[in-house]
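K.L.:
I have a structure here, written as structure tokens, and I will follow up with some questions on it.
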Amino acid sequence: MQGKSELMTYFAQQLKVDIGCTRADGLVSLQSTSCTGMCDQGPAGLVNGYALTRLTPSRIDQIVDYVNRDIPLTQWEADLFHVDDNIIKRDLLLNEKPLKGQAISATFARGLRETLAEIELSGLRGRGGAGYTTAWKWTFCSEENATQRYVVCNADEGEPGTFKDRVLLNSYAESVFEGMTIAAAIVGATHGFLYLRGEYLHLLDKLESILAARRAANLLGCNILQKGVDFDIEICLGAGAYICGEESALIESLEGKAGIPRNRPPYPVTQGYLAKPTVVNNVETYVAAANIAIHGGAWFAKLGTAKSKGTKILSISGDCTARGIYEYAFGTTVNTILADCGASDVLGVQVGGPSGVFIANDEFERKIAFEDLATGGSFIIFNNTRSILDIVHNFSHFFAHESCGFCTPCRVGTSLLKKQVDKIVEGHGSAGDIVALEELCQLIKNYSHCGLGQTAANPVLSTLERYPEIYQAMLKKISYEPGFDLDKSLETARRMANRNDAAAHLAQVEN
């Protein structure tokens with residue numbers, strides 16, 4: 001959206017290497033990447049795993065010079081790697097940074113059971129997108145009969161258009177670790193993991209230093225604050241797999257296995273890491289829990305709606321003048337958000353990333369809330385210069401690439417979906433292809449093993465529902481024999497498709 005294609009072409013020309021290839025001297029390769037969590041300061045890239053932001057032709061010239069002279073990254077200009085927080089609107093969670101140890105001290109002073117009651121009173125629900133009640137999850141884990149329990153922070157922020165966790169880990173890491181420690185004390189865990197997205201390698205050393213300082217201050221380790229609680233945190237770095245954002249695939253990765261989602265039940269809260277009860281929460285959830293421990297549940301619950309308490313942090317990017325981090329009380333309308341970030345002539349908004357929903361410009365009175373527009377935080381704005389089919393084309397290729405391959409409906413279905421979208425976008429589709437596209441979407445959605453497949457068709461389904469005329473306009477003009485009833489033919493095709501067994505059909509296609 002910010003000229004990445006042109007920049008890639010320029011980059012390749014200056015480096016004298018083809019995109020997707022390694023240069024003859026073996027010194028450099030150039031690849032295209034999916035979203036790296038830098039949407040507020042793109043176009044962005046990675047070099048040896050470290051983020052490059054705000055790329056322009058002049059910055060590319062500088063990078064090419066460093067590469068050609070074989071200059072180590074440690075000697076490159078620091079500004080090339082500078083990552084801004086871009087916090088634009090603050091509310092309950094971002095207004096202030098609690099003192100180190102403040103949330104843990106408040107928890108011990110109030111009592112562990114009493115603090116859990118405050119978490120329940122707050123109405124806090126998981127901020128990763130699923131929205132499961134935090135207090136219930138912690139309670140279920142604590143009640144499991146086990147000798148060991150674990151606490152995991154899911155910082156594998158892989159949903160395109162999301163970057164709030166990056167900002168929280170950069171500027172509010174103390175609250176993240178305090179929230180994890182409070183959870184551990186309540187459920188009886190002695191070991192925790194921060195599963196950090198691989199593209200956030202630039203945060204690793206800083207986070208390790210913060211953990212070391214917390215151990216030195218007796219906020220981690222043995223007998224925390226002399227209260228008889230033992231707990232420590234280990235950071236594990238992901239390797240770029242979108243599927244590892246799913247909690248059971250994340251746990252598989254933590255155990256050293258391929259990141260493939262598990263069959264559920266059992267759920268991680270009863271059998272998670274090493275088959276032990278495990279609490280998995282999002283970065284934002286732990287920040288909220290730490291603040292609730294300090295201020296109480298009523299303080300948090302005073303904002304929001306009946307079913308969605310507190311605030312939600314949004315990562316806003318795309319066609320607006322002020323991209324960055326915004327914190328809103330649940331129940332805020334999309335219109336309010338668009339006005340705040342300087343968006344005009346808006347075509348639509350992708351809420352929740354590709355796995356979420358695309359809303360058209362006649363839906364902007366809808367609200368950010370679990371009961372209306374639920375989101376993990378991604379909020380991508382598209383103005384009227386953008387093409388709906390380009391957006392769908394991009395997202396369908398993303399899901400086909402990121403499928404872990406475990407189940408046939410997703411492995412084969414996302415590939416077929418990509419090809420079907422390509423066919424229509426390229427102008428080779430017919431009326432029957434629209435029917436086939438919709439049927440394929442339903443097969444993938446209803447029969448896939450995990451959330452990736454279950455949501456992979458959302459970009460097609462949500463835009464097909466709102467903009468059928470755009471899809472129809474791309475179809476080939478076909479002449480029919482006199483008396484041919486197209487509508488009747490399409491209805492017959494739908495009935496025939498509905499009689500097919502989805503899983504068997506896809507398995508047959510694969511064979």
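Lettering and numbering for the structure tokens are positional, with chains as A, B, ... in the shown order, residues counted from 1 in each chain, and ligands counted from 1 in the shown order.
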If we count only C-alpha atoms, what is near stretch 158-173 of chain A at a cut-off of 7 Å, once residues fewer than 3 positions away on the same chain are taken out, given as JSON, numbers by chain?
P.N.:
{"A": [35, 37, 38, 39, 85, 97, 155, 176, 177, 203, 242, 245, 283, 284, 313, 314, 315, 317, 325, 353, 354, 377, 378, 379, 380]}
K.L.:
Show me, as a ChimeraX atom specification, the residues that have an atom within 12 Å of A:Lys137 when counting only C-alpha atoms, minus same-chain residues fewer than 2 positions from it.
P.N.:
/A:116,119-120,124-126,131-135,139-144,151,183,186-187,267-270,277-281
K.L.:
For N, CA and C atoms, I'd like the residues from the last selection saved as a PDB file, in the first residue's frame.
P.N.:
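Output (out-v4.pdb):
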```
ATOM      1  N   LEU A 116      -7.768 -12.653  42.233  1.00  0.00           N
ATOM      2  CA  LEU A 116      -8.504 -13.377  41.203  1.00  0.00           C
ATOM      3  C   LEU A 116      -9.953 -12.898  41.155  1.00  0.00           C
ATOM      4  N   ILE A 119     -10.027  -9.760  39.202  1.00  0.00           N
ATOM      5  CA  ILE A 119      -9.922 -10.051  37.761  1.00  0.00           C
ATOM      6  C   ILE A 119     -11.287 -10.452  37.218  1.00  0.00           C
ATOM      7  N   GLU A 120     -12.008 -11.264  38.010  1.00  0.00           N
ATOM      8  CA  GLU A 120     -13.349 -11.691  37.585  1.00  0.00           C
ATOM      9  C   GLU A 120     -14.310 -10.509  37.561  1.00  0.00           C
ATOM     10  N   LEU A 124     -12.493  -8.957  32.509  1.00  0.00           N
ATOM     11  CA  LEU A 124     -11.401  -9.062  31.529  1.00  0.00           C
ATOM     12  C   LEU A 124     -11.538 -10.334  30.706  1.00  0.00           C
ATOM     13  N   ARG A 125     -11.482 -10.150  29.385  1.00  0.00           N
ATOM     14  CA  ARG A 125     -11.490 -11.270  28.445  1.00  0.00           C
ATOM     15  C   ARG A 125     -10.219 -11.225  27.609  1.00  0.00           C
ATOM     16  N   GLY A 126      -9.808 -12.379  27.096  1.00  0.00           N
ATOM     17  CA  GLY A 126      -8.562 -12.465  26.345  1.00  0.00           C
ATOM     18  C   GLY A 126      -8.495 -11.451  25.219  1.00  0.00           C
ATOM     19  N   GLY A 131     -11.311 -13.995  23.102  1.00  0.00           N
ATOM     20  CA  GLY A 131     -12.173 -13.376  24.090  1.00  0.00           C
ATOM     21  C   GLY A 131     -12.629 -14.272  25.225  1.00  0.00           C
ATOM     22  N   TYR A 132     -11.843 -15.297  25.559  1.00  0.00           N
ATOM     23  CA  TYR A 132     -12.216 -16.180  26.667  1.00  0.00           C
ATOM     24  C   TYR A 132     -12.008 -15.456  27.998  1.00  0.00           C
ATOM     25  N   THR A 133     -12.908 -15.667  28.939  1.00  0.00           N
ATOM     26  CA  THR A 133     -12.840 -14.968  30.228  1.00  0.00           C
ATOM     27  C   THR A 133     -11.570 -15.349  30.984  1.00  0.00           C
ATOM     28  N   THR A 134     -10.768 -14.354  31.304  1.00  0.00           N
ATOM     29  CA  THR A 134      -9.457 -14.580  31.906  1.00  0.00           C
ATOM     30  C   THR A 134      -9.561 -15.252  33.275  1.00  0.00           C
ATOM     31  N   ALA A 135     -10.454 -14.777  34.122  1.00  0.00           N
ATOM     32  CA  ALA A 135     -10.581 -15.335  35.478  1.00  0.00           C
ATOM     33  C   ALA A 135     -10.971 -16.809  35.423  1.00  0.00           C
ATOM     34  N   THR A 139      -8.805 -19.893  36.866  1.00  0.00           N
ATOM     35  CA  THR A 139      -9.433 -20.748  37.880  1.00  0.00           C
ATOM     36  C   THR A 139      -9.360 -22.219  37.476  1.00  0.00           C
ATOM     37  N   PHE A 140      -9.715 -22.509  36.241  1.00  0.00           N
ATOM     38  CA  PHE A 140      -9.683 -23.891  35.760  1.00  0.00           C
ATOM     39  C   PHE A 140      -8.285 -24.475  35.859  1.00  0.00           C
ATOM     40  N   CYS A 141      -7.277 -23.669  35.512  1.00  0.00           N
ATOM     41  CA  CYS A 141      -5.901 -24.146  35.575  1.00  0.00           C
ATOM     42  C   CYS A 141      -5.500 -24.431  37.022  1.00  0.00           C
ATOM     43  N   SER A 142      -5.862 -23.545  37.932  1.00  0.00           N
ATOM     44  CA  SER A 142      -5.473 -23.707  39.340  1.00  0.00           C
ATOM     45  C   SER A 142      -6.142 -24.908  39.989  1.00  0.00           C
ATOM     46  N   GLU A 143      -7.308 -25.307  39.460  1.00  0.00           N
ATOM     47  CA  GLU A 143      -8.056 -26.411  40.057  1.00  0.00           C
ATOM     48  C   GLU A 143      -7.648 -27.770  39.511  1.00  0.00           C
ATOM     49  N   GLU A 144      -6.815 -27.785  38.476  1.00  0.00           N
ATOM     50  CA  GLU A 144      -6.353 -29.053  37.932  1.00  0.00           C
ATOM     51  C   GLU A 144      -5.407 -29.752  38.922  1.00  0.00           C
ATOM     52  N   VAL A 151       2.776 -20.914  32.780  1.00  0.00           N
ATOM     53  CA  VAL A 151       2.157 -19.680  32.297  1.00  0.00           C
ATOM     54  C   VAL A 151       2.887 -19.265  31.026  1.00  0.00           C
ATOM     55  N   ALA A 183      -0.400 -14.149  37.427  1.00  0.00           N
ATOM     56  CA  ALA A 183      -1.089 -15.354  36.968  1.00  0.00           C
ATOM     57  C   ALA A 183      -0.430 -16.601  37.547  1.00  0.00           C
ATOM     58  N   ILE A 186      -1.266 -17.110  41.198  1.00  0.00           N
ATOM     59  CA  ILE A 186      -2.654 -17.531  41.399  1.00  0.00           C
ATOM     60  C   ILE A 186      -2.863 -18.987  41.009  1.00  0.00           C
ATOM     61  N   VAL A 187      -2.273 -19.426  39.906  1.00  0.00           N
ATOM     62  CA  VAL A 187      -2.514 -20.805  39.450  1.00  0.00           C
ATOM     63  C   VAL A 187      -1.510 -21.793  40.021  1.00  0.00           C
ATOM     64  N   TYR A 267      -7.892 -29.058  26.257  1.00  0.00           N
ATOM     65  CA  TYR A 267      -7.426 -27.700  26.047  1.00  0.00           C
ATOM     66  C   TYR A 267      -6.162 -27.453  26.866  1.00  0.00           C
ATOM     67  N   PRO A 268      -5.354 -26.461  26.480  1.00  0.00           N
ATOM     68  CA  PRO A 268      -4.113 -26.199  27.215  1.00  0.00           C
ATOM     69  C   PRO A 268      -4.307 -25.976  28.708  1.00  0.00           C
ATOM     70  N   VAL A 269      -5.452 -25.444  29.111  1.00  0.00           N
ATOM     71  CA  VAL A 269      -5.663 -25.150  30.526  1.00  0.00           C
ATOM     72  C   VAL A 269      -5.681 -26.431  31.361  1.00  0.00           C
ATOM     73  N   THR A 270      -5.933 -27.577  30.707  1.00  0.00           N
ATOM     74  CA  THR A 270      -5.870 -28.855  31.429  1.00  0.00           C
ATOM     75  C   THR A 270      -4.653 -29.679  31.017  1.00  0.00           C
ATOM     76  N   PRO A 277      -1.166 -28.532  33.065  1.00  0.00           N
ATOM     77  CA  PRO A 277      -2.074 -27.386  32.970  1.00  0.00           C
ATOM     78  C   PRO A 277      -1.297 -26.103  32.636  1.00  0.00           C
ATOM     79  N   THR A 278      -1.772 -25.379  31.636  1.00  0.00           N
ATOM     80  CA  THR A 278      -1.026 -24.217  31.139  1.00  0.00           C
ATOM     81  C   THR A 278      -1.979 -23.078  30.827  1.00  0.00           C
ATOM     82  N   VAL A 279      -1.658 -21.911  31.368  1.00  0.00           N
ATOM     83  CA  VAL A 279      -2.388 -20.687  31.036  1.00  0.00           C
ATOM     84  C   VAL A 279      -1.663 -19.998  29.878  1.00  0.00           C
ATOM     85  N   VAL A 280      -2.397 -19.745  28.793  1.00  0.00           N
ATOM     86  CA  VAL A 280      -1.845 -18.998  27.661  1.00  0.00           C
ATOM     87  C   VAL A 280      -2.683 -17.742  27.481  1.00  0.00           C
ATOM     88  N   ASN A 281      -2.045 -16.585  27.605  1.00  0.00           N
ATOM     89  CA  ASN A 281      -2.726 -15.317  27.384  1.00  0.00           C
ATOM     90  C   ASN A 281      -1.904 -14.410  26.491  1.00  0.00           C
TER      91      ASN A 281
END
```
K.L.:
Figure out the distance between atom CA of A:Arg262 and atom CA of A:Ser248, please, to one decimal in Å.
P.N.:
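According to the coordinates, atom CA of A:Ser248 and atom CA of A:Arg262 are separated by 5.7 Å.
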K.L.:
So which residues of stretch 328-485 of chain A fall under strand (DSSP E) by DSSP, listed as an MDAnalysis selection string?
P.N.:
chainID A and resid 328:329 346:351 357:360 378:383
K.L.:
Can you write just those residues out, N, CA, C and O atoms, as a PDB file, in the first residue's frame?
P.N.:
```
ATOM      1  N   TYR A 328      -9.025   2.475  22.953  1.00  0.00           N
ATOM      2  CA  TYR A 328     -10.425   2.918  23.019  1.00  0.00           C
ATOM      3  C   TYR A 328     -11.209   2.067  24.003  1.00  0.00           C
ATOM      4  O   TYR A 328     -10.954   0.862  24.145  1.00  0.00           O
ATOM      5  N   ALA A 329     -12.197   2.694  24.629  1.00  0.00           N
ATOM      6  CA  ALA A 329     -13.153   1.923  25.413  1.00  0.00           C
ATOM      7  C   ALA A 329     -13.966   1.067  24.453  1.00  0.00           C
ATOM      8  O   ALA A 329     -14.326   1.509  23.356  1.00  0.00           O
ATOM      9  N   VAL A 346     -13.134   6.792   2.649  1.00  0.00           N
ATOM     10  CA  VAL A 346     -12.834   5.401   3.020  1.00  0.00           C
ATOM     11  C   VAL A 346     -13.729   4.426   2.260  1.00  0.00           C
ATOM     12  O   VAL A 346     -14.953   4.567   2.231  1.00  0.00           O
ATOM     13  N   LEU A 347     -13.107   3.451   1.651  1.00  0.00           N
ATOM     14  CA  LEU A 347     -13.820   2.368   0.974  1.00  0.00           C
ATOM     15  C   LEU A 347     -14.322   1.353   1.988  1.00  0.00           C
ATOM     16  O   LEU A 347     -15.473   0.913   1.954  1.00  0.00           O
ATOM     17  N   GLY A 348     -13.440   0.964   2.905  1.00  0.00           N
ATOM     18  CA  GLY A 348     -13.797  -0.016   3.915  1.00  0.00           C
ATOM     19  C   GLY A 348     -12.652  -0.234   4.874  1.00  0.00           C
ATOM     20  O   GLY A 348     -11.565   0.328   4.723  1.00  0.00           O
ATOM     21  N   VAL A 349     -12.902  -1.056   5.888  1.00  0.00           N
ATOM     22  CA  VAL A 349     -11.901  -1.335   6.921  1.00  0.00           C
ATOM     23  C   VAL A 349     -11.842  -2.835   7.153  1.00  0.00           C
ATOM     24  O   VAL A 349     -12.872  -3.500   7.292  1.00  0.00           O
ATOM     25  N   GLN A 350     -10.633  -3.362   7.178  1.00  0.00           N
ATOM     26  CA  GLN A 350     -10.410  -4.765   7.541  1.00  0.00           C
ATOM     27  C   GLN A 350     -10.175  -4.797   9.046  1.00  0.00           C
ATOM     28  O   GLN A 350      -9.134  -4.354   9.532  1.00  0.00           O
ATOM     29  N   VAL A 351     -11.146  -5.306   9.782  1.00  0.00           N
ATOM     30  CA  VAL A 351     -11.088  -5.338  11.247  1.00  0.00           C
ATOM     31  C   VAL A 351     -10.679  -6.740  11.699  1.00  0.00           C
ATOM     32  O   VAL A 351     -11.326  -7.724  11.357  1.00  0.00           O
ATOM     33  N   VAL A 357     -12.923  -9.430   9.518  1.00  0.00           N
ATOM     34  CA  VAL A 357     -14.024  -9.121   8.607  1.00  0.00           C
ATOM     35  C   VAL A 357     -13.770  -7.782   7.922  1.00  0.00           C
ATOM     36  O   VAL A 357     -13.220  -6.856   8.521  1.00  0.00           O
ATOM     37  N   PHE A 358     -14.149  -7.694   6.646  1.00  0.00           N
ATOM     38  CA  PHE A 358     -14.071  -6.436   5.910  1.00  0.00           C
ATOM     39  C   PHE A 358     -15.434  -5.760   6.006  1.00  0.00           C
ATOM     40  O   PHE A 358     -16.445  -6.334   5.625  1.00  0.00           O
ATOM     41  N   ILE A 359     -15.466  -4.526   6.529  1.00  0.00           N
ATOM     42  CA  ILE A 359     -16.730  -3.804   6.626  1.00  0.00           C
ATOM     43  C   ILE A 359     -16.733  -2.655   5.622  1.00  0.00           C
ATOM     44  O   ILE A 359     -15.722  -1.986   5.416  1.00  0.00           O
ATOM     45  N   ALA A 360     -17.883  -2.444   4.986  1.00  0.00           N
ATOM     46  CA  ALA A 360     -18.031  -1.406   3.972  1.00  0.00           C
ATOM     47  C   ALA A 360     -18.353  -0.061   4.619  1.00  0.00           C
ATOM     48  O   ALA A 360     -18.625   0.023   5.825  1.00  0.00           O
ATOM     49  N   SER A 378      -5.951  -5.606  14.929  1.00  0.00           N
ATOM     50  CA  SER A 378      -5.629  -5.100  13.593  1.00  0.00           C
ATOM     51  C   SER A 378      -6.783  -4.277  13.033  1.00  0.00           C
ATOM     52  O   SER A 378      -7.943  -4.692  13.083  1.00  0.00           O
ATOM     53  N   PHE A 379      -6.451  -3.099  12.477  1.00  0.00           N
ATOM     54  CA  PHE A 379      -7.459  -2.179  11.946  1.00  0.00           C
ATOM     55  C   PHE A 379      -6.845  -1.522  10.710  1.00  0.00           C
ATOM     56  O   PHE A 379      -6.115  -0.532  10.809  1.00  0.00           O
ATOM     57  N   ILE A 380      -7.099  -2.115   9.523  1.00  0.00           N
ATOM     58  CA  ILE A 380      -6.477  -1.660   8.289  1.00  0.00           C
ATOM     59  C   ILE A 380      -7.499  -0.878   7.462  1.00  0.00           C
ATOM     60  O   ILE A 380      -8.568  -1.404   7.139  1.00  0.00           O
ATOM     61  N   ILE A 381      -7.149   0.351   7.109  1.00  0.00           N
ATOM     62  CA  ILE A 381      -8.067   1.244   6.405  1.00  0.00           C
ATOM     63  C   ILE A 381      -7.727   1.291   4.919  1.00  0.00           C
ATOM     64  O   ILE A 381      -6.562   1.426   4.539  1.00  0.00           O
ATOM     65  N   PHE A 382      -8.762   1.173   4.083  1.00  0.00           N
ATOM     66  CA  PHE A 382      -8.588   1.249   2.635  1.00  0.00           C
ATOM     67  C   PHE A 382      -9.452   2.382   2.089  1.00  0.00           C
ATOM     68  O   PHE A 382     -10.654   2.433   2.373  1.00  0.00           O
ATOM     69  N   ASN A 383      -8.846   3.284   1.299  1.00  0.00           N
ATOM     70  CA  ASN A 383      -9.653   4.334   0.692  1.00  0.00           C
ATOM     71  C   ASN A 383     -10.114   3.906  -0.700  1.00  0.00           C
ATOM     72  O   ASN A 383      -9.845   2.797  -1.155  1.00  0.00           O
TER      73      ASN A 383
END
```
K.L.:
Could you tell me how far atom CA of A:Asn282 sits from atom CA of A:Gly296, in Å to one decimal place?
P.N.:
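Here the two named atoms are 20.0 Å from each other.
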K.L.:
List the spatial neighbours of stretch 459-461 of chain A as number ranges by chain - criterion: any atom at most 9 Å away, only C-alpha atoms, same-chain residues fewer than 2 positions off excluded.
P.N.:
A: 350, 354-358, 389, 391-393, 395-396, 421, 437-438, 441-442, 455-457, 463-466
K.L.:
If you measure from atom CA of A:Val435 to atom CA of A:Glu363, what distance in Å do you get, rounded to one decimal?
P.N.:
25.6 Å
K.L.:
Taking the DSSP secondary structure from the backbone, can you list the residues of stretch 141-379 of chain A that are alpha helix (DSSP H), as number ranges by chain?
P.N.:
A: 141-143, 164-171, 173-187, 204-216, 247-254, 283-295, 297-301, 334-340
K.L.:
Can you tell me, as a list of chain:residue names, what residues are no more than 12 Å from A:Pro72 when counting only C-alpha atoms, ignoring any on the same chain fewer than 6 positions away?
P.N.:
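Surrounding residues, per the criterion: A:Leu27, A:Val47, A:Asn48, A:Ile63, A:Asp65, A:Tyr66.
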K.L.:
Please write the residues from the selection above to a file, keeping all heavy atoms, as a CSV table (one decimal), in the first residue's frame.
P.N.:
```csv
chain,number,residue,atom,x,y,z
A,27,LEU,N,26.8,-12.9,-1.3
A,27,LEU,CA,26.9,-11.9,-0.2
A,27,LEU,C,25.4,-11.5,0.2
A,27,LEU,O,25.2,-11.2,1.4
A,27,LEU,CB,27.6,-10.7,-0.7
A,27,LEU,CG,28.0,-9.7,0.4
A,27,LEU,CD1,28.9,-10.3,1.4
A,27,LEU,CD2,28.7,-8.4,-0.2
A,47,VAL,N,16.7,-7.4,7.8
A,47,VAL,CA,18.1,-7.8,7.4
A,47,VAL,C,18.7,-8.6,8.5
A,47,VAL,O,18.8,-8.1,9.6
A,47,VAL,CB,18.9,-6.5,7.0
A,47,VAL,CG1,19.1,-5.6,8.1
A,47,VAL,CG2,20.3,-7.0,6.5
A,48,ASN,N,19.1,-9.8,8.2
A,48,ASN,CA,19.6,-10.8,9.2
A,48,ASN,C,18.7,-10.8,10.4
A,48,ASN,O,19.1,-11.0,11.5
A,48,ASN,CB,21.0,-10.4,9.6
A,48,ASN,CG,22.0,-10.5,8.5
A,48,ASN,OD1,21.7,-10.8,7.4
A,48,ASN,ND2,23.3,-10.4,8.9
A,63,ILE,N,21.7,1.3,2.3
A,63,ILE,CA,21.8,-0.1,2.6
A,63,ILE,C,22.7,-0.9,1.6
A,63,ILE,O,23.5,-1.7,1.9
A,63,ILE,CB,20.4,-0.8,2.7
A,63,ILE,CG1,19.7,-0.2,4.0
A,63,ILE,CG2,20.5,-2.3,2.8
A,63,ILE,CD1,18.2,-0.5,4.0
A,65,ASP,N,25.0,0.3,-0.2
A,65,ASP,CA,26.4,0.6,-0.1
A,65,ASP,C,27.0,-0.2,1.1
A,65,ASP,O,28.1,-0.7,0.9
A,65,ASP,CB,26.5,2.1,0.2
A,65,ASP,CG,28.0,2.6,0.5
A,65,ASP,OD1,28.8,2.4,-0.4
A,65,ASP,OD2,28.2,3.0,1.6
A,66,TYR,N,26.3,-0.3,2.2
A,66,TYR,CA,26.8,-1.1,3.3
A,66,TYR,C,27.0,-2.6,2.9
A,66,TYR,O,28.0,-3.2,3.2
A,66,TYR,CB,25.8,-1.1,4.5
A,66,TYR,CG,25.8,0.2,5.3
A,66,TYR,CD1,24.6,0.8,5.7
A,66,TYR,CD2,27.0,0.8,5.6
A,66,TYR,CE1,24.6,1.9,6.5
A,66,TYR,CE2,27.0,2.0,6.3
A,66,TYR,CZ,25.8,2.5,6.8
A,66,TYR,OH,25.8,3.7,7.5
```
K.L.:
Considering only C-alpha atoms, return as a list in words whatever protein or nucleic-acid residues lie within 9 Å of stretch 42-46 of chain A, sequence-local ones (same chain, fewer than 4 positions apart) excluded.
P.N.:
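The contact residues come out as Met1, Gln2, Gly3, Lys4, Leu7, Ser32, Thr33, Cys35, Thr36, Gly37, Met38, Tyr50, Ala51, Leu52, Thr53, Arg54, Leu55, Thr56 and Glu199 of chain A.
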K.L.:
For the selection just defined, write its residues with N, CA and C atoms to a file, as a PDB file, in the first residue's frame.
P.N.:
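Output contents, as saved in result-v1.pdb:
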```pdb
ATOM      1  N   MET A   1       0.818  -1.214   0.000  1.00  0.00           N
ATOM      2  CA  MET A   1       0.000   0.000   0.000  1.00  0.00           C
ATOM      3  C   MET A   1       0.851   1.262   0.000  1.00  0.00           C
ATOM      4  N   GLN A   2       2.090   1.160   0.394  1.00  0.00           N
ATOM      5  CA  GLN A   2       2.978   2.324   0.446  1.00  0.00           C
ATOM      6  C   GLN A   2       4.115   2.229  -0.576  1.00  0.00           C
ATOM      7  N   GLY A   3       3.849   1.530  -1.665  1.00  0.00           N
ATOM      8  CA  GLY A   3       4.826   1.485  -2.745  1.00  0.00           C
ATOM      9  C   GLY A   3       5.875   0.411  -2.621  1.00  0.00           C
ATOM     10  N   LYS A   4       5.567  -0.670  -1.923  1.00  0.00           N
ATOM     11  CA  LYS A   4       6.546  -1.734  -1.698  1.00  0.00           C
ATOM     12  C   LYS A   4       7.023  -2.353  -3.014  1.00  0.00           C
ATOM     13  N   LEU A   7       9.598  -0.226  -4.703  1.00  0.00           N
ATOM     14  CA  LEU A   7      10.836  -0.227  -3.918  1.00  0.00           C
ATOM     15  C   LEU A   7      11.600  -1.541  -4.085  1.00  0.00           C
ATOM     16  N   SER A  32      10.770 -11.342  -0.808  1.00  0.00           N
ATOM     17  CA  SER A  32       9.573 -10.635  -0.370  1.00  0.00           C
ATOM     18  C   SER A  32       9.067 -11.305   0.907  1.00  0.00           C
ATOM     19  N   THR A  33       8.504 -10.512   1.821  1.00  0.00           N
ATOM     20  CA  THR A  33       8.032 -11.060   3.084  1.00  0.00           C
ATOM     21  C   THR A  33       6.598 -10.616   3.363  1.00  0.00           C
ATOM     22  N   CYS A  35       3.708  -9.408   6.302  1.00  0.00           N
ATOM     23  CA  CYS A  35       3.743  -8.350   7.311  1.00  0.00           C
ATOM     24  C   CYS A  35       4.724  -8.686   8.440  1.00  0.00           C
ATOM     25  N   THR A  36       5.562  -7.712   8.810  1.00  0.00           N
ATOM     26  CA  THR A  36       6.545  -7.924   9.873  1.00  0.00           C
ATOM     27  C   THR A  36       6.219  -7.122  11.133  1.00  0.00           C
ATOM     28  N   GLY A  37       4.986  -6.623  11.229  1.00  0.00           N
ATOM     29  CA  GLY A  37       4.593  -5.879  12.419  1.00  0.00           C
ATOM     30  C   GLY A  37       5.097  -4.454  12.456  1.00  0.00           C
ATOM     31  N   MET A  38       5.383  -3.881  11.293  1.00  0.00           N
ATOM     32  CA  MET A  38       5.875  -2.500  11.212  1.00  0.00           C
ATOM     33  C   MET A  38       4.944  -1.645  10.344  1.00  0.00           C
ATOM     34  N   TYR A  50      16.733  -8.444  11.658  1.00  0.00           N
ATOM     35  CA  TYR A  50      16.484  -7.170  12.342  1.00  0.00           C
ATOM     36  C   TYR A  50      15.651  -6.241  11.465  1.00  0.00           C
ATOM     37  N   ALA A  51      14.757  -5.507  12.105  1.00  0.00           N
ATOM     38  CA  ALA A  51      13.803  -4.675  11.382  1.00  0.00           C
ATOM     39  C   ALA A  51      14.468  -3.463  10.732  1.00  0.00           C
ATOM     40  N   LEU A  52      14.076  -3.187   9.504  1.00  0.00           N
ATOM     41  CA  LEU A  52      14.427  -1.958   8.792  1.00  0.00           C
ATOM     42  C   LEU A  52      13.122  -1.204   8.565  1.00  0.00           C
ATOM     43  N   THR A  53      13.072   0.067   8.939  1.00  0.00           N
ATOM     44  CA  THR A  53      11.817   0.814   8.867  1.00  0.00           C
ATOM     45  C   THR A  53      11.920   1.990   7.906  1.00  0.00           C
ATOM     46  N   ARG A  54      10.725   2.462   7.484  1.00  0.00           N
ATOM     47  CA  ARG A  54      10.579   3.682   6.669  1.00  0.00           C
ATOM     48  C   ARG A  54      11.520   3.665   5.457  1.00  0.00           C
ATOM     49  N   LEU A  55      11.478   2.590   4.704  1.00  0.00           N
ATOM     50  CA  LEU A  55      12.372   2.446   3.558  1.00  0.00           C
ATOM     51  C   LEU A  55      11.993   3.406   2.428  1.00  0.00           C
ATOM     52  N   THR A  56      12.995   4.053   1.881  1.00  0.00           N
ATOM     53  CA  THR A  56      12.870   4.969   0.755  1.00  0.00           C
ATOM     54  C   THR A  56      14.017   4.669  -0.205  1.00  0.00           C
ATOM     55  N   GLU A 199      10.132 -11.979  14.136  1.00  0.00           N
ATOM     56  CA  GLU A 199      10.408 -10.692  13.507  1.00  0.00           C
ATOM     57  C   GLU A 199      10.668  -9.576  14.521  1.00  0.00           C
TER      58      GLU A 199
END
```
K.L.:
Quick one: residues within 9 Å of A:Ile87, only C-alpha atoms, excluding same-chain residues fewer than 2 positions away - as a list in words?
P.N.:
Asp84, Asp85, Lys89, Arg90, Leu94, Val167, Gly324, Ile325, Tyr326 and Glu327 of chain A
K.L.:
Extract, using only C-alpha atoms, all DNA, RNA and protein residues at most 10 Å from A:Ile104, discarding same-chain residues fewer than 6 positions from it, and format them as a PyMOL selection string.
P.N.:
chain A and resi 110+175+177-182+185+219+224-225+290+293-294
K.L.:
From the set A:Ile260, A:Ala374, A:Ala473, A:Ile424, which residue has the shortest atom-to-atom contact distance to A:Gly405, counting only C-alpha atoms?
P.N.:
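Using only C-alpha atoms, the shortest distance to A:Gly405 belongs to A:Ile260.
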